[in-house]
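Colleague: Sharing input.csv (CSV, C-alpha atoms and all ligand atoms) below.
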```csv
chain,number,residue,atom,x,y,z
A,1,MET,CA,102.3,152.3,58.4
A,2,GLU,CA,100.0,149.9,56.5
A,3,ILE,CA,99.2,146.3,57.3
A,4,ARG,CA,98.7,144.0,54.3
A,5,GLU,CA,97.7,140.4,54.2
A,6,LEU,CA,100.2,138.4,52.2
A,7,THR,CA,98.1,136.1,50.0
A,8,ALA,CA,99.2,132.9,48.4
A,9,ASP,CA,100.2,134.9,45.3
A,10,ALA,CA,102.4,137.2,47.4
A,11,LEU,CA,104.0,134.2,49.2
A,12,ALA,CA,104.9,132.6,45.8
A,13,ASP,CA,107.1,135.6,45.2
A,14,ASP,CA,110.7,134.9,46.5
A,15,ASP,CA,111.4,138.7,46.9
A,16,VAL,CA,108.5,139.1,49.3
A,17,VAL,CA,109.3,136.0,51.3
A,18,ARG,CA,112.9,137.0,51.5
A,19,GLN,CA,112.0,140.4,53.0
A,20,LEU,CA,109.7,138.7,55.5
A,21,TYR,CA,112.5,136.2,56.3
A,22,GLU,CA,115.1,138.9,56.9
A,23,VAL,CA,112.8,140.9,59.2
A,24,SER,CA,111.8,137.8,61.1
A,25,ARG,CA,115.4,136.7,61.4
A,26,ARG,CA,116.7,140.1,62.7
A,27,ALA,CA,113.7,140.4,65.1
A,28,GLN,CA,113.9,136.9,66.5
A,29,LEU,CA,117.7,136.8,66.9
A,30,PHE,CA,118.1,140.2,68.4
A,31,GLY,CA,120.1,139.9,71.6
A,32,ARG,CA,120.4,136.1,71.1
A,33,GLU,CA,122.4,136.0,67.8
A,34,SER,CA,124.1,132.7,68.4
A,35,GLN,CA,120.8,130.7,68.6
A,36,PRO,CA,119.5,128.5,65.8
A,37,PHE,CA,117.2,130.0,63.2
A,38,TRP,CA,115.6,128.7,60.1
A,39,SER,CA,117.5,128.9,56.8
A,40,PHE,CA,115.6,130.8,54.0
A,41,GLN,CA,114.7,127.4,52.4
A,42,GLU,CA,113.2,126.2,55.6
A,43,PHE,CA,111.3,129.4,56.3
A,44,ALA,CA,109.9,129.5,52.7
A,45,GLY,CA,109.2,125.8,52.6
A,46,ALA,CA,107.2,125.9,55.8
A,47,LEU,CA,105.3,129.1,54.8
A,48,ARG,CA,104.3,127.6,51.5
A,49,SER,CA,103.1,124.2,52.8
A,50,THR,CA,99.6,123.3,53.8
A,51,ASP,CA,98.2,121.6,56.8
A,52,ILE,CA,94.6,120.6,56.8
A,53,GLY,CA,94.6,120.9,60.6
A,54,GLU,CA,95.5,124.7,60.7
A,55,ARG,CA,94.6,127.7,58.7
A,56,GLN,CA,97.6,130.0,58.2
A,57,GLU,CA,97.2,133.7,57.6
A,58,VAL,CA,100.3,135.9,57.0
A,59,PHE,CA,100.5,139.7,57.4
A,60,ALA,CA,103.2,142.3,56.9
A,61,ALA,CA,103.4,145.9,58.0
A,62,TYR,CA,104.9,148.3,55.5
A,63,ASP,CA,106.4,151.7,55.9
A,64,GLY,CA,106.1,152.9,52.3
A,65,ASP,CA,107.7,150.1,50.3
A,66,ARG,CA,109.7,148.8,53.2
A,67,LEU,CA,108.5,145.7,55.1
A,68,VAL,CA,109.1,146.5,58.8
A,69,ALA,CA,107.2,143.7,60.6
A,70,GLY,CA,105.6,140.3,59.9
A,71,ALA,CA,103.0,138.2,61.7
A,72,ILE,CA,101.6,134.7,61.1
A,73,LEU,CA,98.3,133.6,62.6
A,74,TRP,CA,97.5,129.8,62.9
A,75,SER,CA,93.9,128.8,63.6
A,76,PHE,CA,93.4,125.2,64.6
A,77,LEU,CA,90.6,123.6,62.5
A,78,LEU,CA,90.1,120.0,63.7
A,79,ASP,CA,90.6,120.4,67.5
A,80,ASN,CA,91.3,123.2,70.0
A,81,THR,CA,89.0,125.3,67.8
A,82,GLU,CA,88.6,128.0,70.5
A,83,LYS,CA,92.3,128.8,70.1
A,84,ALA,CA,94.6,130.6,67.7
A,85,TRP,CA,98.3,131.0,67.9
A,86,PHE,CA,100.6,133.7,66.4
A,87,GLU,CA,104.1,134.7,65.8
A,88,LEU,CA,105.0,138.4,65.6
A,89,SER,CA,108.3,140.0,64.5
A,90,VAL,CA,109.0,143.7,64.4
A,91,ASP,CA,112.3,144.8,62.8
A,92,VAL,CA,114.8,146.1,65.4
A,93,PRO,CA,115.0,149.7,64.2
A,94,ASP,CA,111.2,150.0,63.9
A,95,ARG,CA,110.3,149.1,67.5
A,96,ARG,CA,108.4,151.2,69.9
A,97,ARG,CA,106.4,152.8,67.1
A,98,GLY,CA,103.2,151.0,67.9
A,99,ILE,CA,103.6,148.5,65.0
A,100,GLY,CA,103.7,145.4,67.2
A,101,ARG,CA,100.5,146.5,69.0
A,102,ALA,CA,98.8,147.3,65.7
A,103,LEU,CA,99.6,143.8,64.3
A,104,ALA,CA,98.5,142.0,67.5
A,105,THR,CA,95.2,144.0,67.5
A,106,ARG,CA,94.6,143.0,63.9
A,107,LEU,CA,95.2,139.3,64.6
A,108,GLU,CA,92.9,139.5,67.7
A,109,GLU,CA,90.1,141.0,65.6
A,110,LEU,CA,90.4,138.2,63.1
A,111,ALA,CA,90.4,135.5,65.8
A,112,ARG,CA,87.5,137.1,67.6
A,113,ALA,CA,85.4,137.4,64.4
A,114,ASP,CA,86.2,133.7,63.8
A,115,GLY,CA,84.7,132.8,67.2
A,116,ARG,CA,88.0,132.1,69.0
A,117,THR,CA,88.2,132.8,72.7
A,118,LEU,CA,91.9,132.3,73.4
A,119,ILE,CA,94.9,133.7,71.5
A,120,LEU,CA,98.4,132.7,72.3
A,121,SER,CA,102.0,133.6,71.4
A,122,ASP,CA,105.5,133.1,72.7
A,123,ALA,CA,108.9,134.8,73.0
A,124,LYS,CA,112.4,133.5,73.8
A,125,LEU,CA,113.9,135.3,76.9
A,126,PRO,CA,117.1,135.1,78.8
A,127,PHE,CA,116.8,133.2,82.2
A,128,ASP,CA,117.9,136.2,84.3
A,129,ASP,CA,115.5,138.7,82.7
A,130,ARG,CA,112.4,136.5,82.2
A,131,GLU,CA,110.3,138.5,84.6
A,132,ALA,CA,111.0,142.0,83.3
A,133,HIS,CA,112.1,141.6,79.7
A,134,GLY,CA,110.7,144.0,77.1
A,135,TYR,CA,108.9,141.3,75.2
A,136,ARG,CA,107.1,140.3,78.3
A,137,ARG,CA,106.2,143.9,79.0
A,138,PHE,CA,104.9,144.2,75.5
A,139,ALA,CA,102.7,141.2,75.9
A,140,GLU,CA,101.4,142.5,79.2
A,141,ALA,CA,100.8,146.0,77.7
A,142,CYS,CA,98.7,144.3,75.0
A,143,GLY,CA,96.6,142.4,77.7
A,144,TYR,CA,98.3,139.0,77.7
A,145,GLN,CA,99.2,136.9,80.7
A,146,LEU,CA,102.1,134.5,81.1
A,147,SER,CA,100.7,131.0,80.7
A,148,ASN,CA,103.8,128.8,80.7
A,149,TYR,CA,107.5,128.7,80.7
A,150,GLU,CA,109.4,126.2,78.7
A,151,VAL,CA,113.1,125.7,79.1
A,152,VAL,CA,115.1,125.5,75.9
A,153,ARG,CA,118.0,123.1,76.1
A,154,HIS,CA,120.9,122.3,73.7
A,155,LEU,CA,122.9,119.1,73.4
A,156,PRO,CA,126.3,119.6,71.7
A,157,LEU,CA,127.1,117.0,68.9
A,158,PRO,CA,128.6,114.6,68.3
A,159,VAL,CA,127.8,112.6,71.4
A,160,PRO,CA,130.4,109.8,71.7
A,161,ASP,CA,129.0,106.5,70.4
A,162,ASP,CA,129.9,104.7,73.6
A,163,ARG,CA,127.7,107.1,75.6
A,164,ILE,CA,124.7,106.4,73.4
A,165,GLU,CA,125.4,102.7,73.6
A,166,GLU,CA,125.4,103.0,77.4
A,167,TRP,CA,121.9,104.5,77.4
A,168,ILE,CA,120.6,101.8,75.1
A,169,ALA,CA,122.2,99.1,77.2
A,170,GLU,CA,120.6,100.7,80.3
A,171,ALA,CA,117.2,100.5,78.7
A,172,THR,CA,117.5,97.1,77.1
A,173,PRO,CA,116.6,94.8,80.1
A,174,ARG,CA,113.3,96.7,80.4
A,175,LEU,CA,112.5,96.5,76.7
A,176,GLU,CA,111.5,92.9,76.5
A,177,GLY,CA,108.5,92.5,74.1
A,178,TYR,CA,109.2,95.7,72.2
A,179,THR,CA,111.3,96.3,69.1
A,180,LEU,CA,112.7,99.7,68.1
A,181,HIS,CA,112.9,100.9,64.4
A,182,THR,CA,114.0,104.1,62.8
A,183,TYR,CA,112.3,105.5,59.7
A,184,VAL,CA,113.6,108.4,57.7
A,185,ASP,CA,111.1,110.5,55.7
A,186,GLU,CA,108.7,107.6,55.4
A,187,MET,CA,106.6,105.3,57.6
A,188,PRO,CA,105.3,101.9,56.7
A,189,ALA,CA,101.6,102.3,56.0
A,190,ASP,CA,100.4,99.9,58.7
A,191,LEU,CA,102.2,101.9,61.4
A,192,VAL,CA,100.9,105.4,60.5
A,193,GLU,CA,97.5,105.1,62.3
A,194,SER,CA,98.9,104.1,65.8
A,195,LEU,CA,101.8,106.6,65.4
A,196,CYS,CA,99.2,109.3,64.7
A,197,VAL,CA,97.4,108.5,68.0
A,198,LEU,CA,100.6,109.1,69.9
A,199,LEU,CA,101.4,112.4,68.0
A,200,GLY,CA,97.8,113.6,68.8
A,201,GLN,CA,98.1,112.9,72.6
A,202,LEU,CA,101.4,114.7,73.1
A,203,GLY,CA,99.8,118.1,73.6
A,204,VAL,CA,97.5,116.6,76.2
A,205,ASP,CA,100.0,114.8,78.4
A,206,ALA,CA,102.9,117.3,78.1
A,207,PRO,CA,102.4,120.0,80.7
A,208,THR,CA,101.3,123.3,79.0
A,209,GLY,CA,100.8,125.6,82.0
A,210,ALA,CA,97.6,127.6,82.4
A,211,VAL,CA,96.2,126.6,79.0
A,212,ASP,CA,95.0,123.1,78.4
A,213,PHE,CA,95.1,121.5,75.0
A,214,GLU,CA,92.7,118.9,73.9
A,215,GLU,CA,93.9,115.9,71.9
A,216,GLU,CA,95.1,116.8,68.4
A,217,ALA,CA,93.3,115.3,65.5
A,218,MET,CA,96.3,113.8,63.8
A,219,THR,CA,95.3,111.8,60.7
A,220,PRO,CA,97.4,109.8,58.2
A,221,GLU,CA,96.6,112.6,55.7
A,222,ARG,CA,98.0,115.2,58.0
A,223,PHE,CA,101.0,113.0,58.7
A,224,ALA,CA,101.6,112.8,54.9
A,225,GLU,CA,101.5,116.6,54.7
A,226,MET,CA,104.1,116.9,57.5
A,227,LEU,CA,106.4,114.7,55.5
A,228,GLU,CA,105.9,116.9,52.5
A,229,ARG,CA,106.6,120.0,54.5
A,230,ASP,CA,109.8,118.5,55.8
A,231,THR,CA,110.9,117.8,52.2
A,232,ALA,CA,109.9,121.4,51.1
A,233,MET,CA,112.1,122.7,54.0
A,234,GLY,CA,115.1,120.5,53.0
A,235,ARG,CA,114.9,118.6,56.3
A,236,SER,CA,114.7,114.9,57.0
A,237,ARG,CA,112.4,113.5,59.6
A,238,PHE,CA,114.0,110.7,61.7
A,239,GLU,CA,111.2,108.9,63.5
A,240,THR,CA,112.2,106.1,65.9
A,241,VAL,CA,109.2,104.0,67.1
A,242,ALA,CA,108.8,101.2,69.6
A,243,LEU,CA,106.5,98.4,68.4
A,244,THR,CA,104.6,95.7,70.2
A,245,PRO,CA,104.7,92.2,68.6
A,246,ASP,CA,101.4,93.0,66.9
A,247,ARG,CA,103.0,96.1,65.3
A,248,GLN,CA,101.3,98.8,67.4
A,249,VAL,CA,103.4,101.9,67.8
A,250,VAL,CA,103.6,102.6,71.5
A,251,ALA,CA,106.5,105.1,71.7
A,252,GLN,CA,108.0,107.6,69.3
A,253,SER,CA,110.7,110.2,69.1
A,254,THR,CA,111.3,112.6,66.2
A,255,LEU,CA,114.4,114.5,65.2
A,256,SER,CA,114.4,117.0,62.3
A,257,VAL,CA,117.7,117.1,60.5
A,258,PRO,CA,118.9,119.4,57.7
A,259,ARG,CA,119.7,117.3,54.7
A,260,SER,CA,122.7,119.5,53.9
A,261,GLY,CA,124.0,123.0,54.9
A,262,GLY,CA,122.7,123.8,58.3
A,263,THR,CA,124.0,121.7,61.2
A,264,GLU,CA,121.3,122.2,63.9
A,265,VAL,CA,118.9,119.4,64.7
A,266,PHE,CA,115.5,120.0,66.3
A,267,GLN,CA,114.0,117.5,68.7
A,268,TRP,CA,110.3,117.4,68.1
A,269,GLY,CA,108.1,115.2,70.3
A,270,THR,CA,108.9,112.2,72.3
A,271,PHE,CA,105.8,110.3,73.5
A,272,VAL,CA,105.2,106.9,75.3
A,273,HIS,CA,101.7,105.5,75.2
A,274,ARG,CA,100.0,105.8,78.6
A,275,GLN,CA,99.8,102.0,79.1
A,276,HIS,CA,103.5,101.4,78.2
A,277,ARG,CA,105.3,103.9,80.4
A,278,GLY,CA,108.0,102.8,82.9
A,279,HIS,CA,109.9,100.6,80.4
A,280,LYS,CA,112.6,103.2,79.5
A,281,LEU,CA,111.0,103.5,76.1
A,282,GLY,CA,111.5,107.2,76.1
A,283,LEU,CA,115.3,107.1,76.7
A,284,ALA,CA,115.6,104.1,74.3
A,285,ALA,CA,113.7,105.8,71.5
A,286,LYS,CA,115.7,109.1,71.9
A,287,ALA,CA,119.1,107.3,72.1
A,288,VAL,CA,118.4,105.0,69.0
A,289,ASN,CA,117.2,108.1,67.1
A,290,LEU,CA,120.3,110.1,67.9
A,291,ARG,CA,122.5,107.2,66.9
A,292,ALA,CA,120.8,107.1,63.5
A,293,VAL,CA,121.1,110.8,63.0
A,294,GLN,CA,124.8,110.8,63.8
A,295,SER,CA,125.5,108.1,61.4
A,296,PHE,CA,123.6,110.0,58.7
A,297,ARG,CA,125.7,113.2,59.1
A,298,ASP,CA,128.9,113.5,61.2
A,299,ASP,CA,129.1,117.3,61.0
A,300,LEU,CA,126.0,118.2,63.0
A,301,THR,CA,126.7,120.6,65.9
A,302,LEU,CA,123.7,120.5,68.2
A,303,VAL,CA,120.2,119.3,69.1
A,304,THR,CA,117.8,121.8,70.5
A,305,THR,CA,114.7,120.9,72.5
A,306,GLN,CA,112.2,122.6,74.8
A,307,ASN,CA,110.0,121.4,77.7
A,308,ALA,CA,107.8,122.8,80.4
A,309,GLU,CA,109.7,123.3,83.6
A,310,THR,CA,107.2,121.0,85.2
A,311,ASN,CA,107.8,118.1,82.8
A,312,GLY,CA,110.1,116.3,85.3
A,313,TYR,CA,110.3,113.0,83.5
A,314,MET,CA,111.3,114.4,80.1
A,315,VAL,CA,113.7,116.9,81.6
A,316,SER,CA,115.4,114.2,83.6
A,317,ILE,CA,116.0,112.1,80.4
A,318,ASN,CA,117.3,115.3,78.6
A,319,GLU,CA,119.7,116.1,81.5
A,320,ARG,CA,120.9,112.5,81.6
A,321,MET,CA,121.7,112.8,77.9
A,322,GLY,CA,123.7,116.0,78.4
A,323,PHE,CA,121.2,118.7,77.3
A,324,ARG,CA,122.0,122.1,79.0
A,325,PRO,CA,119.6,124.9,79.6
A,326,VAL,CA,120.1,127.9,77.3
A,327,GLU,CA,117.1,130.2,77.6
A,328,VAL,CA,113.4,130.3,78.3
A,329,SER,CA,110.4,130.2,76.0
A,330,ALA,CA,107.7,132.3,77.6
A,331,GLU,CA,104.1,131.6,76.4
A,332,PHE,CA,101.4,134.2,76.6
A,333,VAL,CA,97.6,134.0,76.4
A,334,LYS,CA,94.8,136.5,76.1
A,335,HIS,CA,91.1,135.7,76.6
A,336,LEU,CA,89.2,137.4,73.8
B,1,LIG,C1,107.8,142.3,71.2
B,1,LIG,C2,107.7,143.1,69.8
B,1,LIG,C3,106.7,142.4,68.9
B,1,LIG,C4,107.2,144.6,70.2
B,1,LIG,O1,107.0,145.3,68.9
B,1,LIG,P1,106.9,146.9,69.0
B,1,LIG,O2,106.4,147.3,67.6
B,1,LIG,O3,108.2,147.5,69.4
B,1,LIG,O4,105.8,147.2,70.1
B,1,LIG,P2,104.9,148.5,70.3
B,1,LIG,O5,105.6,149.7,69.8
B,1,LIG,O6,103.6,148.3,69.6
B,1,LIG,O7,104.7,148.5,71.9
B,1,LIG,C5,103.5,148.6,72.5
B,1,LIG,C6,103.7,148.7,74.0
B,1,LIG,O8,104.3,147.5,74.5
B,1,LIG,C7,105.3,147.8,75.5
B,1,LIG,N1,106.6,147.5,75.0
B,1,LIG,C8,107.0,147.1,73.8
B,1,LIG,N2,108.3,146.9,73.8
B,1,LIG,C9,108.8,147.1,75.0
B,1,LIG,C10,110.1,147.0,75.6
B,1,LIG,N3,111.2,146.6,74.8
B,1,LIG,N4,110.3,147.3,76.9
B,1,LIG,C11,109.2,147.7,77.6
B,1,LIG,N5,107.9,147.8,77.1
B,1,LIG,C12,107.7,147.5,75.8
B,1,LIG,C13,105.1,149.3,75.7
B,1,LIG,O9,104.1,149.5,76.7
B,1,LIG,C14,104.7,149.8,74.4
B,1,LIG,O10,103.9,151.0,74.4
B,1,LIG,P3,104.8,152.4,74.5
B,1,LIG,O11,105.8,152.4,73.5
B,1,LIG,O12,103.7,153.4,74.2
B,1,LIG,O13,105.3,152.5,75.9
B,1,LIG,C15,109.1,143.2,69.2
B,1,LIG,O14,110.0,143.7,70.1
B,1,LIG,C16,109.6,141.9,68.6
B,1,LIG,O15,109.4,141.7,67.4
B,1,LIG,N6,110.2,141.1,69.4
B,1,LIG,C17,110.8,139.8,69.0
B,1,LIG,C18,109.7,138.7,68.7
B,1,LIG,C19,108.7,138.5,69.9
B,1,LIG,O16,109.1,138.3,71.0
B,1,LIG,N7,107.4,138.6,69.5
B,1,LIG,C20,106.3,138.1,70.4
B,1,LIG,C21,106.0,138.9,71.6
B,1,LIG,S1,104.6,138.3,72.4
```
Can I see the file as C-alpha cells?
Modeller:
Amino acid sequence: MEIRELTADALADDDVVRQLYEVSRRAQLFGRESQPFWSFQEFAGALRSTDIGERQEVFAAYDGDRLVAGAILWSFLLDNTEKAWFELSVDVPDRRRGIGRALATRLEELARADGRTLILSDAKLPFDDREAHGYRRFAEACGYQLSNYEVVRHLPLPVPDDRIEEWIAEATPRLEGYTLHTYVDEMPADLVESLCVLLGQLGVDAPTGAVDFEEEAMTPERFAEMLERDTAMGRSRFETVALTPDRQVVAQSTLSVPRSGGTEVFQWGTFVHRQHRGHKLGLAAKAVNLRAVQSFRDDLTLVTTQNAETNGYMVSINERMGFRPVEVSAEFVKHL
C-alpha cells in the first residue's frame, strides 16, 4: 500500500477524481445507502475550487494501481489556525488492513509539522449504535476523543404552501422594521459586508461541543469564491436575508439546491445577529427561503440539516417545520 498526494495536476484528471469519488461514495454510504451524497459533478467541482481561507491537501492510498482510500485535509488559514479538519474514506473491501490508520497518521504528521495542535474529523452513525460503532472505535484506536454530536434531520418536500404561509404569518407581527429578501447565486454589493459578519459568527454562537471555534474571517472575496464553488458544483445558493431600514443584514439562512438532476437540498447556516434575536427572524428567513426554493423546482424531495443536540433554539424551529431525526454526526478531536 502506498500513499500518494493528489496534486492539482492529478485532480484535473477526470479518471483520478472519478476513482476517488467512487471510493468515497462507497465508504461514506456503507450501511446508510439511502442517505444523500454528492453527485460526481458536485464532488469534482468542490475538489477543484479554491478558498483563500483554507488550504486543501488530497491524498489517496493505492494497492498497486487500485485506489483503495482517499483523504482530504483542510487547514484553516485566516482564523482557527491551530486546527485542521479531515475526511477519510477507506473502500469497504479494504477495511481492517491498517489503511485508515496509516492515512490518519500521515495527516497528523502534516498538521503537526504545520504547527497545528488540534485535528478533527467526523463520521455519520446510526442513533442506536453511536456509542459502540466501528467508526467510533477506529477514532478511539487512533487516539481521538468524541467532541460533539450533531443530529442530522430531514424534511420531506414538498411542504404544502399553506404550512409555509402559516409560519410566515406567525412571524410577521414580530418583524416590524425588518424586510426579507431572497437572492439566488448573487448578492447586492452593499449587503455582502454585513452578511459576511453573520457568516463568520455562526461557528462561534452555534454550540460545537468540546472544541471552541473562533470567529471565521469571512470576507467579500471569500464569499465570491463560495458562489463560484456553488456554480462549479452545479448548485444554486438561495440566501434569504433580513435587512434593517439602513440595509444592514441582521439575519440570514442559506439553502443549497441542485440546479438540475439531484433532488436533495442542503440547509447550510441560519444566523440571527446577536442584537436582533427574539423577533422570529430565524423562522421567517427559513420559511421564506424554502418558499423560494419550492417555486424554483417542484420536484425536490428533501432538505437535510444538522445541529448540535444542545442547540435548542435551532432544533425547535426545525422540529416545528417538520424536520425528523435520521442519524448522528459524531465529531472527533485529537490533541497533537
Ligand atoms: C473508519 C475507517 C476510516 C477505518 O478504516 P480502516 O482502514 O478499516 O481502519 P484500520 O484498518 O486502519 O483500523 C485501525 C484500528 O481501528 C479500529 N477499527 C477500525 N475499524 C473498526 C471497526 N469497524 N470496528 C472496530 N474497530 C475498528 C481497530 O482497532 C483497528 O485496528 P485492528 O484492525 O488492528 O484491530 C473506515 O471504516 C471508513 O472509511 N469509514 C467511513 C468513513 C468514516 O467514518 N471516516 C472517518 C472516521 S473518523
Colleague: When you draw a straight line from CA of Arg32 (chain A) to atom C3 of ligand LIG 1 (chain B), how long is it in Å?
Modeller: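 For CA of Arg32 (chain A) relative to atom C3 of ligand LIG 1 (chain B), the distance reads 15.2 Å.
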Colleague: Around ligand LIG 1 (chain B), out to 8 Å and counting all atoms listed in the file, which residues are there? I want them as a ChimeraX atom specification.
Modeller: /A:24,27-30,69,87-92,94-102,121-124,133-142,331-332
Colleague: Please provide the set of residues having any atom within 12 Å of region 221-227 of chain A, restricted to all atoms listed in the file, with same-chain residues fewer than 2 positions apart removed, written as number ranges by chain.
Modeller: A: 45-46, 48-54, 78, 183-189, 191-200, 216-219, 229-239, 254, 256
Colleague: May I have the residues from that selection written out with C-alpha atoms, as a PDB file, in the frame of the given file?
Modeller:
```pdb
ATOM      1  CA  GLY A  45     109.200 125.800  52.600  1.00  0.00           C
ATOM      2  CA  ALA A  46     107.200 125.900  55.800  1.00  0.00           C
ATOM      3  CA  ARG A  48     104.300 127.600  51.500  1.00  0.00           C
ATOM      4  CA  SER A  49     103.100 124.200  52.800  1.00  0.00           C
ATOM      5  CA  THR A  50      99.600 123.300  53.800  1.00  0.00           C
ATOM      6  CA  ASP A  51      98.200 121.600  56.800  1.00  0.00           C
ATOM      7  CA  ILE A  52      94.600 120.600  56.800  1.00  0.00           C
ATOM      8  CA  GLY A  53      94.600 120.900  60.600  1.00  0.00           C
ATOM      9  CA  GLU A  54      95.500 124.700  60.700  1.00  0.00           C
ATOM     10  CA  LEU A  78      90.100 120.000  63.700  1.00  0.00           C
ATOM     11  CA  TYR A 183     112.300 105.500  59.700  1.00  0.00           C
ATOM     12  CA  VAL A 184     113.600 108.400  57.700  1.00  0.00           C
ATOM     13  CA  ASP A 185     111.100 110.500  55.700  1.00  0.00           C
ATOM     14  CA  GLU A 186     108.700 107.600  55.400  1.00  0.00           C
ATOM     15  CA  MET A 187     106.600 105.300  57.600  1.00  0.00           C
ATOM     16  CA  PRO A 188     105.300 101.900  56.700  1.00  0.00           C
ATOM     17  CA  ALA A 189     101.600 102.300  56.000  1.00  0.00           C
ATOM     18  CA  LEU A 191     102.200 101.900  61.400  1.00  0.00           C
ATOM     19  CA  VAL A 192     100.900 105.400  60.500  1.00  0.00           C
ATOM     20  CA  GLU A 193      97.500 105.100  62.300  1.00  0.00           C
ATOM     21  CA  SER A 194      98.900 104.100  65.800  1.00  0.00           C
ATOM     22  CA  LEU A 195     101.800 106.600  65.400  1.00  0.00           C
ATOM     23  CA  CYS A 196      99.200 109.300  64.700  1.00  0.00           C
ATOM     24  CA  VAL A 197      97.400 108.500  68.000  1.00  0.00           C
ATOM     25  CA  LEU A 198     100.600 109.100  69.900  1.00  0.00           C
ATOM     26  CA  LEU A 199     101.400 112.400  68.000  1.00  0.00           C
ATOM     27  CA  GLY A 200      97.800 113.600  68.800  1.00  0.00           C
ATOM     28  CA  GLU A 216      95.100 116.800  68.400  1.00  0.00           C
ATOM     29  CA  ALA A 217      93.300 115.300  65.500  1.00  0.00           C
ATOM     30  CA  MET A 218      96.300 113.800  63.800  1.00  0.00           C
ATOM     31  CA  THR A 219      95.300 111.800  60.700  1.00  0.00           C
ATOM     32  CA  ARG A 229     106.600 120.000  54.500  1.00  0.00           C
ATOM     33  CA  ASP A 230     109.800 118.500  55.800  1.00  0.00           C
ATOM     34  CA  THR A 231     110.900 117.800  52.200  1.00  0.00           C
ATOM     35  CA  ALA A 232     109.900 121.400  51.100  1.00  0.00           C
ATOM     36  CA  MET A 233     112.100 122.700  54.000  1.00  0.00           C
ATOM     37  CA  GLY A 234     115.100 120.500  53.000  1.00  0.00           C
ATOM     38  CA  ARG A 235     114.900 118.600  56.300  1.00  0.00           C
ATOM     39  CA  SER A 236     114.700 114.900  57.000  1.00  0.00           C
ATOM     40  CA  ARG A 237     112.400 113.500  59.600  1.00  0.00           C
ATOM     41  CA  PHE A 238     114.000 110.700  61.700  1.00  0.00           C
ATOM     42  CA  GLU A 239     111.200 108.900  63.500  1.00  0.00           C
ATOM     43  CA  THR A 254     111.300 112.600  66.200  1.00  0.00           C
ATOM     44  CA  SER A 256     114.400 117.000  62.300  1.00  0.00           C
TER      45      SER A 256
END
```
Colleague: Report the closest atom pair, with its distance in Å rounded to one decimal, for each residue of region 14-91 of chain A that has an atom no farther than 10 Å from region 264-267 of chain A; count all atoms listed in the file, sort by chain and then rising residue number, and write it as JSON lines.
Modeller:
```
{"residue": "A:Gln35", "atom": "CA", "partner": "A:Glu264", "partner_atom": "CA", "distance": 9.7}
{"residue": "A:Pro36", "atom": "CA", "partner": "A:Glu264", "partner_atom": "CA", "distance": 6.8}
{"residue": "A:Phe37", "atom": "CA", "partner": "A:Glu264", "partner_atom": "CA", "distance": 8.8}
{"residue": "A:Trp38", "atom": "CA", "partner": "A:Glu264", "partner_atom": "CA", "distance": 9.4}
```
Colleague: List every residue of region 178-215 of chain A that has an atom at most 12 Å from any atom of region 280-283 of chain A, giving for each one its closest atom pair and the distance in Å to one decimal, counting all atoms listed in the file, sorted by chain and then by ascending residue number, as CSV.
Modeller:
```
residue,atom,partner,partner_atom,distance
A:Tyr178,CA,A:Leu281,CA,8.9
A:Thr179,CA,A:Leu281,CA,10.0
A:Leu180,CA,A:Leu281,CA,9.0
```
Colleague: Using only C-alpha atoms for the distances, tell me which of A:Asn311, A:Thr81, A:Ser75, A:Thr7 is nearest to Val58 (chain A).
Modeller: A:Thr7
Colleague: Can you list, as number ranges by chain, every protein, DNA or RNA residue that comes within 10 Å of Asp114 (chain A) when you count only C-alpha atoms, leaving out same-chain residues fewer than 2 positions away?
Modeller: A: 75, 81-82, 84, 108-112, 116-117
Colleague: Interatomic distance between CA of Phe296 (chain A) and CA of Ala251 (chain A)?
Modeller: 22.0 Å
Colleague: Could you check which of A:Asn318, A:Ser147, A:Thr270, A:Thr304 is closest to Gln201 (chain A), using only C-alpha atoms?
Modeller: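 Ranking A:Asn318, A:Ser147, A:Thr270, A:Thr304 by distance to Gln201 (chain A), first place goes to A:Thr270.
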Colleague: Point out the residue among A:Gln306, A:Glu215, A:Arg26, A:Glu170 with the least atom-to-atom distance to Glu319 (chain A), counting all atoms listed in the file.
Modeller: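 Checking each of A:Gln306, A:Glu215, A:Arg26, A:Glu170 against Glu319 (chain A), counting all atoms listed in the file, the winner is A:Gln306.
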Colleague: Please indicate the distance in Å from CA of Thr182 (chain A) to CA of Gly322 (chain A), rounded to one decimal place.
Modeller: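 That distance, rounded to one decimal, is 21.9 Å.
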